[in-house]
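Enquirer: Attaching a single structure in structure tokens format; questions to follow.
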Amino acid sequence: MSLKLSYNGEDIIDYNPIDNQWWITGFNPEYKDVAAGELTVIFTVDFTGRESMYYDFIK
């Protein structure tokens with residue numbers, strides 16, 4: 001699982017842990033009072049070896 005958050009085209013959070021995660025969040029104290037519409041987020045979830053979980057997820 002990974003998380004990348006951008007503000008005005010600049011990555012302000014880029015979290016890609018080596019160990020498996022069940023939940024991730026990010027916080028950058030340098031960016032306060034930013035409207036959600038000004039942010040772009042990309043999440044990845046790896047379902048390798050858990051194909052049935054993937055199909056349940058997309059339902």
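If you're wondering about the labels, chains in the structure tokens are A, B, ... by order shown, residues count from 1 in each chain, ligands from 1 in order shown.
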Pick out the residues sitting within 10 Å of segment 45-59 of chain A, and hand them over as JSON, numbers by chain; count only C-alpha atoms, and ignore anything fewer than 5 positions along from it in its own chain.
Expert: {"A": [1, 2, 3, 20, 21, 22]}
Enquirer: What separation in Å, quoted to one decimal, exists between atom CA of Lys4 of chain A and atom CA of Phe43 of chain A?
Expert: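 Computed distance, atom CA of Lys4 of chain A to atom CA of Phe43 of chain A, equals 6.5 Å.
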Enquirer: Counting only C-alpha atoms, give me one row per residue of segment 35-58 of chain A with an atom at most 9 Å from an atom of segment 8-19 of chain A, showing the shortest contact pair and its distance in Å to one decimal, sorted by chain then residue number, as JSON lines.
Expert:
{"residue": "A:Glu38", "atom": "CA", "partner": "A:Asn8", "partner_atom": "CA", "distance": 6.8}
{"residue": "A:Leu39", "atom": "CA", "partner": "A:Asn8", "partner_atom": "CA", "distance": 7.3}
{"residue": "A:Thr40", "atom": "CA", "partner": "A:Gly9", "partner_atom": "CA", "distance": 8.3}
Enquirer: Which residues in chain A does DSSP call strand (DSSP E)? List them as a list of chain:residue names.
Expert: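 The strand (DSSP E) subset of chain A is A:Ser2, A:Leu3, A:Lys4, A:Leu5, A:Ser6, A:Tyr7, A:Glu10, A:Asp11, A:Ile12, A:Ile13, A:Asp14, A:Tyr15, A:Leu39, A:Thr40, A:Val41, A:Ile42, A:Phe43, A:Thr44.
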Enquirer: Please indicate the distance in Å from atom CA of Lys32 of chain A to atom CA of Thr44 of chain A, rounded to one decimal place.
Expert: 24.8 Å
Enquirer: Can you list every residue in chain A that DSSP puts in alpha helix (DSSP H), as a PyMOL selection string?
Expert: chain A and resi 51-58
